[in-house]
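J.: As input, take start-v4.cif (mmCIF, C-alpha atoms (C1' of nucleotides)):
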```cif
data_my_file
loop_
_atom_site.label_atom_id
_atom_site.label_comp_id
_atom_site.auth_asym_id
_atom_site.auth_seq_id
_atom_site.Cartn_x
_atom_site.Cartn_y
_atom_site.Cartn_z
CA MET L 1 16.91 9.20 -11.63
CA GLY L 2 15.31 6.06 -11.36
CA VAL L 3 15.84 2.66 -11.77
CA GLN L 4 13.14 0.78 -13.16
CA GLU L 5 10.15 -0.24 -11.64
CA HIS L 6 9.32 0.46 -8.89
CA GLN L 7 10.41 2.98 -6.86
CA GLN L 8 8.48 3.76 -3.94
CA HIS L 9 7.44 7.26 -3.62
CA LEU L 10 8.56 9.42 -0.78
CA ASP L 11 6.11 11.96 0.33
CA PRO L 12 7.69 15.29 -0.34
CA SER L 13 6.28 16.62 2.85
CA GLY L 14 7.40 13.58 4.77
CA LEU L 15 11.04 13.87 3.94
CA ASP L 16 11.96 15.16 7.33
CA ALA L 17 9.85 12.66 9.13
CA PRO L 18 11.62 10.61 11.76
CA LEU L 19 13.20 7.41 10.53
CA PRO L 20 11.27 4.35 11.70
CA THR L 21 13.14 2.32 14.29
CA ALA L 22 12.34 -0.63 12.04
CA PHE L 23 15.12 0.69 9.81
CA HIS L 24 17.73 0.55 12.57
CA ASP L 25 18.65 -3.00 11.80
CA ARG L 26 17.40 -3.27 8.23
CA LEU L 27 20.03 -1.78 5.99
CA ALA L 28 18.15 -2.71 2.83
CA LEU L 29 15.22 -0.53 3.84
CA LEU L 30 17.55 2.22 4.96
CA LEU L 31 19.38 2.23 1.64
CA VAL L 32 16.10 2.46 -0.26
CA ARG L 33 14.95 5.35 1.89
CA THR L 34 18.31 7.07 1.54
CA GLY L 35 18.19 6.82 -2.22
CA ASP L 36 14.71 8.20 -2.29
CA ARG L 37 15.62 11.05 0.00
CA ILE L 38 18.55 12.00 -2.17
CA ALA L 39 16.34 11.83 -5.26
CA VAL L 40 13.63 14.00 -3.73
CA ARG L 41 15.91 16.53 -2.12
CA GLY L 42 18.09 16.67 -5.21
CA SER L 43 15.14 17.21 -7.51
CA GLU L 44 13.82 19.99 -5.30
CA ARG L 45 17.07 21.89 -5.29
CA LEU L 46 17.91 21.27 -8.93
CA GLU L 47 14.45 22.43 -9.87
CA ALA L 48 14.76 25.60 -7.82
CA ALA L 49 18.26 26.45 -8.95
CA LEU L 50 18.42 25.19 -12.51
CA GLY L 51 14.95 24.21 -13.65
CA ILE L 52 15.83 20.54 -14.10
CA ASP L 53 15.00 17.51 -12.00
CA GLY L 54 16.99 14.51 -10.91
CA ALA L 55 16.19 12.52 -14.03
CA ASP L 56 17.40 15.38 -16.20
CA TYR L 57 20.59 15.65 -14.19
CA THR L 58 21.25 11.94 -14.48
CA ALA L 59 20.71 12.10 -18.23
CA LEU L 60 23.07 15.07 -18.60
CA ALA L 61 25.77 13.29 -16.62
CA VAL L 62 25.43 10.07 -18.61
CA ILE L 63 25.33 11.85 -21.96
CA SER L 64 28.43 13.81 -21.01
CA GLN L 65 30.48 10.95 -19.71
CA ASP L 66 29.26 7.76 -21.35
CA ALA L 67 28.63 9.26 -24.78
CA PRO L 68 25.91 6.76 -25.70
CA ARG L 69 25.73 6.14 -29.43
CA SER L 70 21.94 5.94 -29.57
CA GLN L 71 18.93 6.76 -27.48
CA GLN L 72 18.50 3.06 -26.87
CA GLU L 73 21.93 2.88 -25.32
CA LEU L 74 21.13 5.95 -23.25
CA ALA L 75 17.86 4.36 -22.15
CA GLN L 76 19.71 1.26 -21.01
CA LEU L 77 22.19 3.26 -18.98
CA LEU L 78 19.36 5.21 -17.40
CA CYS L 79 17.35 2.02 -16.80
CA LYS L 80 14.42 3.48 -18.64
CA ALA L 81 12.23 2.37 -21.50
CA PRO L 82 13.39 3.93 -24.77
CA ALA L 83 10.00 5.59 -25.13
CA MET L 84 10.60 7.46 -21.88
CA CYS L 85 13.77 9.04 -23.18
CA VAL L 86 11.91 10.75 -25.99
CA GLY L 87 10.05 13.19 -23.80
CA LEU L 88 13.02 13.66 -21.51
CA LEU L 89 15.28 14.59 -24.41
CA ASP L 90 12.59 16.72 -26.03
CA ALA L 91 12.52 18.86 -22.92
CA LEU L 92 16.29 19.06 -22.58
CA GLU L 93 16.59 19.92 -26.26
CA ALA L 94 13.92 22.60 -25.97
CA SER L 95 15.88 24.06 -23.06
CA GLY L 96 18.99 24.12 -25.20
CA LEU L 97 20.93 21.76 -22.95
CA VAL L 98 21.36 18.89 -25.40
CA ALA L 99 21.39 18.48 -29.16
CA ARG L 100 20.22 15.50 -31.21
CA GLU L 101 21.96 14.74 -34.46
CA ARG L 102 21.53 11.78 -36.75
CA ASP L 103 24.43 9.39 -36.78
CA PRO L 104 25.95 9.71 -40.28
CA LYS L 105 27.05 6.09 -40.09
CA ASP L 106 23.55 4.84 -39.25
CA ARG L 107 20.80 7.32 -39.80
CA ARG L 108 18.33 5.38 -37.68
CA ARG L 109 20.19 6.47 -34.59
CA SER L 110 20.38 9.89 -33.08
CA ILE L 111 23.45 10.84 -31.14
CA VAL L 112 22.77 13.10 -28.21
CA THR L 113 25.39 15.57 -27.08
CA LEU L 114 25.61 18.31 -24.51
CA THR L 115 25.57 21.90 -25.65
CA ALA L 116 27.79 24.51 -24.02
CA ALA L 117 24.80 25.51 -21.93
CA GLY L 118 24.29 21.85 -21.04
CA ARG L 119 27.86 21.56 -19.81
CA GLU L 120 27.43 24.64 -17.67
CA VAL L 121 24.21 23.36 -16.14
CA LEU L 122 25.78 19.97 -15.50
CA ALA L 123 28.66 21.56 -13.65
CA LYS L 124 26.29 23.52 -11.43
CA ALA L 125 24.09 20.47 -10.92
CA ASP L 126 27.13 18.45 -9.85
CA ALA L 127 27.82 21.00 -7.14
CA ILE L 128 24.24 20.71 -5.88
CA ALA L 129 24.40 16.92 -6.00
CA ALA L 130 27.60 17.00 -3.99
CA GLU L 131 25.84 19.02 -1.31
CA VAL L 132 22.94 16.61 -1.12
CA GLU L 133 25.35 13.69 -1.03
CA ALA L 134 27.32 15.27 1.78
CA GLU L 135 24.17 15.64 3.86
CA ALA L 136 23.22 12.03 3.25
CA ILE L 137 26.54 10.59 4.37
CA GLU L 138 27.43 13.23 6.90
CA GLY L 139 30.06 11.86 9.23
CA LEU L 140 31.80 9.60 6.75
CA THR L 141 35.48 10.35 6.24
CA ASP L 142 36.79 10.88 2.72
CA ALA L 143 38.43 7.48 2.81
CA GLU L 144 35.22 5.83 3.95
CA ARG L 145 33.30 7.63 1.24
CA ASP L 146 35.67 6.37 -1.43
CA ARG L 147 35.42 2.89 -0.05
CA LEU L 148 31.62 3.04 -0.15
CA LEU L 149 31.73 4.31 -3.71
CA ALA L 150 33.98 1.43 -4.76
CA VAL L 151 31.80 -1.17 -3.07
CA LEU L 152 28.57 0.15 -4.55
CA LEU L 153 30.13 0.17 -7.98
CA GLY L 154 30.36 -3.57 -7.55
CA PRO L 155 32.99 -6.28 -7.80
CA ALA L 156 33.58 -5.71 -11.50
CA ARG L 157 34.19 -2.04 -10.97
CA ALA L 158 36.18 -2.60 -7.82
CA GLY L 159 38.63 -4.62 -9.83
CA ALA L 160 38.85 -1.93 -12.45
CA ALA L 161 39.40 0.67 -9.75
CA ALA L 162 42.17 -1.40 -8.23
CA GLY L 163 43.78 -1.69 -11.60
CA ALA L 164 43.56 2.00 -12.31
CA MET T 1 8.64 0.37 -1.95
CA GLY T 2 8.53 3.82 -2.60
CA VAL T 3 8.88 6.95 -1.23
CA GLN T 4 6.55 9.28 -2.54
CA GLU T 5 6.98 11.48 -5.16
CA HIS T 6 9.47 11.12 -7.03
CA GLN T 7 11.09 8.08 -7.41
CA GLN T 8 12.55 7.45 -10.60
CA HIS T 9 11.59 4.29 -12.15
CA LEU T 10 14.00 1.59 -12.86
CA ASP T 11 13.28 -0.51 -15.83
CA PRO T 12 12.89 -4.02 -14.49
CA SER T 13 14.64 -5.41 -17.50
CA GLY T 14 17.49 -2.95 -17.15
CA LEU T 15 18.47 -3.95 -13.67
CA ASP T 16 21.50 -5.80 -14.81
CA ALA T 17 22.52 -3.13 -17.24
CA PRO T 18 26.04 -1.86 -16.86
CA LEU T 19 26.47 1.03 -14.49
CA PRO T 20 27.17 4.28 -16.35
CA THR T 21 30.71 5.54 -15.88
CA ALA T 22 29.04 8.84 -15.01
CA PHE T 23 28.23 7.23 -11.66
CA HIS T 24 31.88 6.47 -10.88
CA ASP T 25 32.44 9.82 -9.27
CA ARG T 26 28.87 10.77 -8.43
CA LEU T 27 27.94 9.05 -5.21
CA ALA T 28 24.54 10.73 -5.05
CA LEU T 29 23.49 9.12 -8.32
CA LEU T 30 24.99 5.82 -7.27
CA LEU T 31 23.09 5.82 -3.99
CA VAL T 32 19.83 6.53 -5.80
CA ARG T 33 20.46 3.71 -8.24
CA THR T 34 21.46 1.37 -5.42
CA GLY T 35 18.27 2.09 -3.52
CA ASP T 36 16.21 1.50 -6.63
CA ARG T 37 17.99 -1.74 -7.37
CA ILE T 38 17.39 -3.03 -3.89
CA ALA T 39 13.73 -2.03 -4.13
CA VAL T 40 13.26 -3.73 -7.48
CA ARG T 41 15.17 -6.88 -6.68
CA GLY T 42 13.59 -7.09 -3.26
CA SER T 43 10.09 -6.70 -4.62
CA GLU T 44 10.72 -9.38 -7.23
CA ARG T 45 11.89 -11.92 -4.69
CA LEU T 46 9.36 -11.06 -2.04
CA GLU T 47 6.62 -11.33 -4.62
CA ALA T 48 7.82 -14.70 -5.80
CA ALA T 49 8.42 -16.15 -2.35
CA LEU T 50 5.73 -14.52 -0.20
CA GLY T 51 3.29 -12.69 -2.43
CA ILE T 52 4.12 -9.26 -1.02
CA ASP T 53 6.15 -6.40 -2.44
CA GLY T 54 8.69 -4.06 -0.96
CA ALA T 55 6.08 -1.58 0.22
CA ASP T 56 4.23 -4.33 2.03
CA TYR T 57 7.44 -5.52 3.65
CA THR T 58 8.30 -2.02 4.79
CA ALA T 59 4.84 -1.61 6.27
CA LEU T 60 5.04 -4.94 8.10
CA ALA T 61 8.41 -4.03 9.57
CA VAL T 62 7.26 -0.61 10.71
CA ILE T 63 4.00 -1.89 12.14
CA SER T 64 5.91 -4.56 14.03
CA GLN T 65 8.62 -2.41 15.43
CA ASP T 66 7.33 1.16 15.63
CA ALA T 67 3.80 0.25 16.72
CA PRO T 68 2.23 3.37 15.20
CA ARG T 69 -0.88 4.46 17.08
CA SER T 70 -2.80 5.48 13.97
CA GLN T 71 -2.69 5.08 10.24
CA GLN T 72 -1.58 8.68 10.01
CA GLU T 73 1.44 7.93 12.12
CA LEU T 74 2.14 4.88 9.99
CA ALA T 75 1.81 6.98 6.84
CA GLN T 76 4.35 9.45 8.18
CA LEU T 77 6.84 6.73 8.99
CA LEU T 78 6.36 5.25 5.52
CA CYS T 79 6.59 8.71 3.90
CA LYS T 80 3.26 8.16 2.24
CA ALA T 81 0.02 10.07 2.01
CA PRO T 82 -2.50 8.70 4.50
CA ALA T 83 -4.83 7.87 1.63
CA MET T 84 -2.21 5.53 0.20
CA CYS T 85 -2.09 3.47 3.36
CA VAL T 86 -5.74 2.56 3.08
CA GLY T 87 -5.33 0.32 0.05
CA LEU T 88 -2.04 -1.05 1.30
CA LEU T 89 -3.58 -2.08 4.60
CA ASP T 90 -6.74 -3.37 2.93
CA ALA T 91 -4.60 -5.82 0.98
CA LEU T 92 -2.50 -6.86 3.97
CA GLU T 93 -5.64 -7.30 6.03
CA ALA T 94 -7.29 -9.37 3.30
CA SER T 95 -4.19 -11.56 3.27
CA GLY T 96 -4.49 -12.01 6.99
CA LEU T 97 -1.13 -10.43 7.75
CA VAL T 98 -2.37 -7.44 9.74
CA ALA T 99 -5.44 -6.57 11.76
CA ARG T 100 -7.10 -3.20 12.21
CA GLU T 101 -8.83 -2.41 15.46
CA ARG T 102 -10.33 0.82 16.66
CA ASP T 103 -8.40 2.51 19.41
CA PRO T 104 -10.67 2.30 22.49
CA LYS T 105 -9.16 5.55 23.75
CA ASP T 106 -9.90 7.40 20.51
CA ARG T 107 -12.26 5.68 18.18
CA ARG T 108 -11.26 7.83 15.22
CA ARG T 109 -7.98 5.97 15.05
CA SER T 110 -7.38 2.44 14.00
CA ILE T 111 -4.45 0.61 15.47
CA VAL T 112 -2.80 -1.79 13.10
CA THR T 113 -1.09 -4.88 14.42
CA LEU T 114 0.60 -7.91 12.95
CA THR T 115 -1.18 -11.24 13.08
CA ALA T 116 0.73 -14.44 13.79
CA ALA T 117 0.81 -15.04 10.04
CA GLY T 118 2.11 -11.48 9.58
CA ARG T 119 4.95 -12.11 12.00
CA GLU T 120 5.90 -15.27 10.14
CA VAL T 121 5.89 -13.53 6.78
CA LEU T 122 7.92 -10.65 8.19
CA ALA T 123 10.56 -13.05 9.47
CA LYS T 124 10.85 -14.70 6.08
CA ALA T 125 10.87 -11.35 4.33
CA ASP T 126 13.69 -10.18 6.58
CA ALA T 127 15.77 -13.11 5.44
CA ILE T 128 15.16 -12.23 1.80
CA ALA T 129 15.93 -8.57 2.45
CA ALA T 130 19.19 -9.57 4.10
CA GLU T 131 20.16 -11.50 0.98
CA VAL T 132 19.43 -8.56 -1.28
CA GLU T 133 21.29 -6.25 1.07
CA ALA T 134 24.31 -8.54 1.08
CA GLU T 135 24.45 -8.48 -2.71
CA ALA T 136 24.23 -4.71 -2.78
CA ILE T 137 27.11 -4.15 -0.37
CA GLU T 138 29.14 -7.20 -1.25
CA GLY T 139 32.70 -6.71 -0.09
CA LEU T 140 31.93 -4.60 2.94
CA THR T 141 33.15 -6.02 6.22
CA ASP T 142 30.71 -6.39 9.08
CA ALA T 143 32.32 -3.46 10.86
CA GLU T 144 32.05 -1.33 7.74
CA ARG T 145 28.43 -2.33 7.32
CA ASP T 146 27.61 -1.29 10.86
CA ARG T 147 29.40 1.97 10.34
CA LEU T 148 27.41 2.64 7.18
CA LEU T 149 24.19 1.82 8.97
CA ALA T 150 25.01 4.25 11.77
CA VAL T 151 25.93 7.03 9.36
CA LEU T 152 22.81 6.62 7.25
CA LEU T 153 20.68 6.68 10.35
CA GLY T 154 21.96 10.21 10.80
CA PRO T 155 23.65 12.31 13.45
CA ALA T 156 20.76 12.02 15.88
CA ARG T 157 20.76 8.27 15.63
CA ALA T 158 24.52 8.05 15.63
CA GLY T 159 24.51 9.68 19.05
CA ALA T 160 21.96 7.21 20.30
CA ALA T 161 23.97 4.34 18.91
CA ALA T 162 27.10 5.59 20.64
CA GLY T 163 25.22 5.80 23.88
CA ALA T 164 23.82 2.33 23.56
"C1'" DC R 1 19.67 -5.49 -57.25
"C1'" DC R 2 15.81 -6.73 -54.31
"C1'" DT R 3 13.54 -8.60 -50.58
"C1'" DC R 4 13.14 -9.83 -45.70
"C1'" DA R 5 14.20 -9.36 -41.09
"C1'" DA R 6 16.10 -6.46 -37.62
"C1'" DT R 7 16.90 -2.02 -35.43
"C1'" DC R 8 15.94 2.70 -34.33
"C1'" DA R 9 13.14 6.83 -32.77
"C1'" DT R 10 8.67 8.08 -32.16
"C1'" DT R 11 3.70 8.06 -31.17
"C1'" DC R 12 -0.37 6.60 -29.12
"C1'" DA R 13 -3.62 4.41 -26.09
"C1'" DA R 14 -4.23 1.72 -22.06
"C1'" DG R 15 -3.02 0.89 -17.42
"C1'" DA R 16 -1.19 1.82 -13.10
"C1'" DT R 17 -0.13 5.20 -9.62
"C1'" DC R 18 -0.38 9.42 -6.87
"C1'" DT R 19 -2.40 13.66 -5.12
"C1'" DG R 20 -5.88 16.65 -3.11
"C1'" DA R 21 -10.16 17.75 -1.82
"C1'" DA R 22 -14.48 16.15 0.14
"C1'" DT R 23 -17.12 13.15 3.61
"C1'" DG R 24 -18.70 11.32 7.90
"C1'" DA R 25 -17.45 9.84 12.43
"C1'" DT R 26 -15.30 11.19 16.62
"C1'" DT R 27 -12.80 13.94 19.90
"C1'" DT R 28 -11.25 18.30 22.23
"C1'" DG R 29 -11.66 22.89 23.86
"C1'" DT R 30 -14.59 26.65 25.11
"C1'" DA J 1 -23.52 22.16 23.74
"C1'" DC J 2 -20.89 24.18 19.83
"C1'" DA J 3 -17.19 24.85 16.98
"C1'" DA J 4 -12.85 23.46 15.41
"C1'" DA J 5 -9.69 19.80 14.80
"C1'" DT J 6 -8.42 15.00 13.76
"C1'" DC J 7 -9.03 10.55 11.79
"C1'" DA J 8 -9.98 6.93 8.09
"C1'" DT J 9 -11.90 6.63 3.84
"C1'" DT J 10 -13.47 7.65 -0.88
"C1'" DC J 11 -13.36 9.65 -5.20
"C1'" DA J 12 -11.92 12.19 -9.28
"C1'" DG J 13 -8.33 14.42 -11.64
"C1'" DA J 14 -3.61 14.52 -12.76
"C1'" DT J 15 0.66 12.22 -13.60
"C1'" DC J 16 3.45 8.74 -15.03
"C1'" DT J 17 4.68 4.04 -17.34
"C1'" DT J 18 4.23 0.49 -20.19
"C1'" DG J 19 3.50 -2.02 -24.64
"C1'" DA J 20 2.26 -2.32 -29.09
"C1'" DA J 21 2.15 -0.06 -33.58
"C1'" DT J 22 4.45 3.04 -37.22
"C1'" DG J 23 7.71 4.67 -40.54
"C1'" DA J 24 12.48 5.15 -41.68
"C1'" DT J 25 16.80 2.90 -42.23
"C1'" DT J 26 20.20 -0.78 -42.34
"C1'" DG J 27 22.21 -5.43 -43.23
"C1'" DA J 28 22.05 -10.13 -45.00
"C1'" DG J 29 20.94 -13.46 -48.58
"C1'" DG J 30 19.73 -14.85 -52.77
#
```
Kindly return the structure encoded in the file as structure tokens.

T.:
Amino acid sequence: MGVQEHQQHLDPSGLDAPLPTAFHDRLALLLVRTGDRIAVRGSERLEAALGIDGADYTALAVISQDAPRSQQELAQLLCKAPAMCVGLLDALEASGLVARERDPKDRRRSIVTLTAAGREVLAKADAIAAEVEAEAIEGLTDAERDRLLAVLLGPARAGAAAGA
Amino acid sequence: MGVQEHQQHLDPSGLDAPLPTAFHDRLALLLVRTGDRIAVRGSERLEAALGIDGADYTALAVISQDAPRSQQELAQLLCKAPAMCVGLLDALEASGLVARERDPKDRRRSIVTLTAAGREVLAKADAIAAEVEAEAIEGLTDAERDRLLAVLLGPARAGAAAGA
DNA sequence: CCTCAATCATTCAAGATCTGAATGATTTGT
DNA sequence: ACAAATCATTCAGATCTTGAATGATTGAGG
């Protein structure tokens, strides 16, 4: 899961540490910590239950739903350097969760697709992610959750959502 | 600013990449990406304006407001290994933003405090963080923002907030 | 056709980052 | 006093990322 640079690393052992009071009126810091907590907790549980981590899960979800037409496009969606996707996909392919096939229209590109096993793992991973999400935003009503989702998707997406 | 382990890395160049549609109904992934984006964008701007990064800013805020009584306590609040705080504080001390002094009550510990310059930088950094935050949650009303803050602070904190 | 530039996946080496154990100083409990 | 625990710090090994280089393939132009 990661964006690009720079994530800060949460200490796995420190995940249950008390939140600094400095975060009480600094939403930016709180959002960063929340994202990290979800990433760490999610990776732990995904690893234990399915043998994949958060980055793998993100890749599976994007491959399934965005159907990128090249690894470069996938890399962009994942906010990763193309070189980083190679190892990620090698592992997922070795596990039988994804398949790489050359694009017949442009043999430089490889099109990555989910296998049946990949779809199964994704479905189970989604359930785990939903649990972790629920813990992170415990107390939010369904309507509030949907509102948050729309806002975080950004103005462009908000418009699209309104239209849909 | 990182947590510890496991952050995923956002590609700095990919920050403005389109959000995968796979995130449209996966709030956990969206929250992770949002946190990473705030961390990356925040670090960029803090670096340019003040010469510090997100981790430095987080440390300054925590030192200022939580007044940790040892570097170990600071490390816990930052979700970092104690060893990681050494270099972080060395740099902040060299920049004249923080001061380390031995605790007279327990000379094993060093108490870290903000210098006058540190307080100034923190104030400016807070302004930058507020800008980045505003961009991330653009469209949220003030009431909604406060609600989000309370929820992310967790049930324990929510109770405290209600009491206050 | 044939060449040149661009694009793609991949590899590799260099650099940055993190973790974990080891060290020396200091405190606490017995 | 002594032993065990705690603290800041250092260091080396492991991990992870980046950036340039490579070989294959495509598209454009002449």

J.: Near chain L, meaning an atom within 9 Å, which residues of chain R appear when counting all atoms listed in the file? Write them as a ChimeraX atom specification.

T.: /R:7-10,18

J.: Starting from the shown file, work through the PyMOL selection byres ((chain J) within 8 of (chain T)) and note down what comes out as a list in words.

T.: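 Matching residues under the PyMOL selection byres ((chain J) within 8 of (chain T)) are DT6, DC7, DA8 and DT9 of chain J.
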
J.: The PyMOL selection byres ((chain J and resi 12-16) around 9) - which residues does that actually catch in the file I just gave you? List them as a ChimeraX atom specification.

T.: /R:16-19 /J:11,17

J.: List the spatial neighbours of range 145-147 of chain L as a PDB file with C-alpha atoms, in the coordinates of the input - criterion: any atom at most 9 Å away, all atoms listed in the file, same-chain residues fewer than 6 positions off excluded.

T.:
```pdb
ATOM      1  CA  ILE L 137      26.540  10.590   4.370  1.00  0.00           C
TER       2      ILE L 137
ATOM      3  CA  LEU T  27      27.940   9.050  -5.210  1.00  0.00           C
ATOM      4  CA  LEU T 140      31.930  -4.600   2.940  1.00  0.00           C
TER       5      LEU T 140
END
```

J.: Applying the PyMOL selection byres ((chain J and resi 28) around 9) to the file I just gave you, which residues come out? Please list them as JSON, numbers by chain.

T.: {"R": [4, 5], "J": [27, 29]}

J.: At what distance in Å, to one decimal, does CA of Ile38 in chain T lie from CA of Arg119 in chain T?

T.: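 About the pair CA of Arg119 in chain T and CA of Ile38 in chain T: they are 22.1 Å apart.
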
J.: Give the centre and edge lengths of an axis-aligned box, in Å to one decimal, that holds all listed atoms of range 12-24 of chain R with 3 Å on each side, as lines of an AutoDock Vina configuration file.

T.:
```
center_x = -9.4
center_y = 9.3
center_z = -10.6
size_x = 24.6
size_y = 22.9
size_z = 43.0
```

J.: Pick the closest to chain T from L:Leu19, L:Ala125, L:Val112, L:Ala143: which is it, counting all atoms listed in the file?

T.: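 Among the listed residues, the smallest separation from chain T belongs to L:Leu19.
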
J.: Could you check how far CA of Thr115 in chain L sits from C1' of DT25 in chain J, in Å to one decimal?

T.: 26.7 Å

J.: Identify which of the residues L:Ala49, L:Val32, L:Val151, L:Ala17 lies closest to Glu73 in chain T, counting only C-alpha atoms when measuring atom-to-atom distances.

T.: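 Checking each candidate against Glu73 in chain T, we get L:Ala17 as the closest.
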
J.: With only C-alpha atoms as the atoms that count, which of T:Ala123, T:Val98, T:Ala55, T:Leu50 lies nearest to chain L?

T.: T:Ala55

J.: With all atoms listed in the file as the atoms that count, which of L:Ile52, L:Val40, L:Ala99, L:Leu88 lies nearest to chain T?

T.: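 Using all atoms listed in the file, chain T sits closest to L:Val40.
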
J.: So how far away is C1' of DC2 in chain R from C1' of DG30 in chain J, in Å?

T.: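 A separation of 9.1 Å between them.
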
J.: So, counting all atoms listed in the file, which residue among L:Ala94, L:Ile128, L:Ala39, L:Leu89 is closest to chain T?

T.: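 Counting all atoms listed in the file, the residue closest to chain T is L:Ala39.
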
J.: Taking only C-alpha atoms into account, name the residue in T:Met84, T:Ala48, T:Ala22, T:Leu30 that is nearest to Pro68 in chain L.

T.: T:Ala22

J.: Could you add whatever atoms are missing so that range 39-54 of chain L carries N, CA and C atoms, then write the result as an mmCIF file, keeping the file's coordinate frame?

T.:
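Contents of out-v9.cif, freshly written:
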```cif
data_model
loop_
_atom_site.group_PDB
_atom_site.id
_atom_site.type_symbol
_atom_site.label_atom_id
_atom_site.label_comp_id
_atom_site.auth_asym_id
_atom_site.auth_seq_id
_atom_site.Cartn_x
_atom_site.Cartn_y
_atom_site.Cartn_z
ATOM 1 N N ALA L 39 17.041 11.525 -4.011
ATOM 2 C CA ALA L 39 16.340 11.830 -5.260
ATOM 3 C C ALA L 39 15.374 13.000 -5.064
ATOM 4 N N VAL L 40 14.627 12.951 -3.965
ATOM 5 C CA VAL L 40 13.630 14.000 -3.730
ATOM 6 C C VAL L 40 14.313 15.330 -3.420
ATOM 7 N N ARG L 41 15.220 15.300 -2.479
ATOM 8 C CA ARG L 41 15.910 16.530 -2.120
ATOM 9 C C ARG L 41 16.664 17.099 -3.320
ATOM 10 N N GLY L 42 17.338 16.229 -4.037
ATOM 11 C CA GLY L 42 18.090 16.670 -5.210
ATOM 12 C C GLY L 42 17.178 17.304 -6.237
ATOM 13 N N SER L 43 16.068 16.663 -6.515
ATOM 14 C CA SER L 43 15.140 17.210 -7.510
ATOM 15 C C SER L 43 14.633 18.580 -7.077
ATOM 16 N N GLU L 44 14.310 18.701 -5.797
ATOM 17 C CA GLU L 44 13.820 19.990 -5.300
ATOM 18 C C GLU L 44 14.839 21.101 -5.552
ATOM 19 N N ARG L 45 16.061 20.827 -5.185
ATOM 20 C CA ARG L 45 17.070 21.890 -5.290
ATOM 21 C C ARG L 45 17.468 22.149 -6.732
ATOM 22 N N LEU L 46 17.567 21.093 -7.520
ATOM 23 C CA LEU L 46 17.910 21.270 -8.930
ATOM 24 C C LEU L 46 16.814 22.078 -9.632
ATOM 25 N N GLU L 47 15.582 21.737 -9.287
ATOM 26 C CA GLU L 47 14.450 22.430 -9.870
ATOM 27 C C GLU L 47 14.507 23.927 -9.536
ATOM 28 N N ALA L 48 14.738 24.208 -8.266
ATOM 29 C CA ALA L 48 14.760 25.600 -7.820
ATOM 30 C C ALA L 48 15.918 26.378 -8.442
ATOM 31 N N ALA L 49 17.065 25.730 -8.511
ATOM 32 C CA ALA L 49 18.260 26.450 -8.950
ATOM 33 C C ALA L 49 18.455 26.437 -10.457
ATOM 34 N N LEU L 50 18.069 25.343 -11.099
ATOM 35 C CA LEU L 50 18.420 25.190 -12.510
ATOM 36 C C LEU L 50 17.250 24.831 -13.415
ATOM 37 N N GLY L 51 16.101 24.556 -12.827
ATOM 38 C CA GLY L 51 14.950 24.210 -13.650
ATOM 39 C C GLY L 51 14.986 22.813 -14.229
ATOM 40 N N ILE L 52 15.802 21.944 -13.670
ATOM 41 C CA ILE L 52 15.830 20.540 -14.100
ATOM 42 C C ILE L 52 15.557 19.658 -12.889
ATOM 43 N N ASP L 53 15.199 18.412 -13.133
ATOM 44 C CA ASP L 53 15.000 17.510 -12.000
ATOM 45 C C ASP L 53 16.091 16.440 -11.987
ATOM 46 N N GLY L 54 15.961 15.527 -11.063
ATOM 47 C CA GLY L 54 16.990 14.510 -10.910
ATOM 48 C C GLY L 54 17.187 13.654 -12.147
#
```
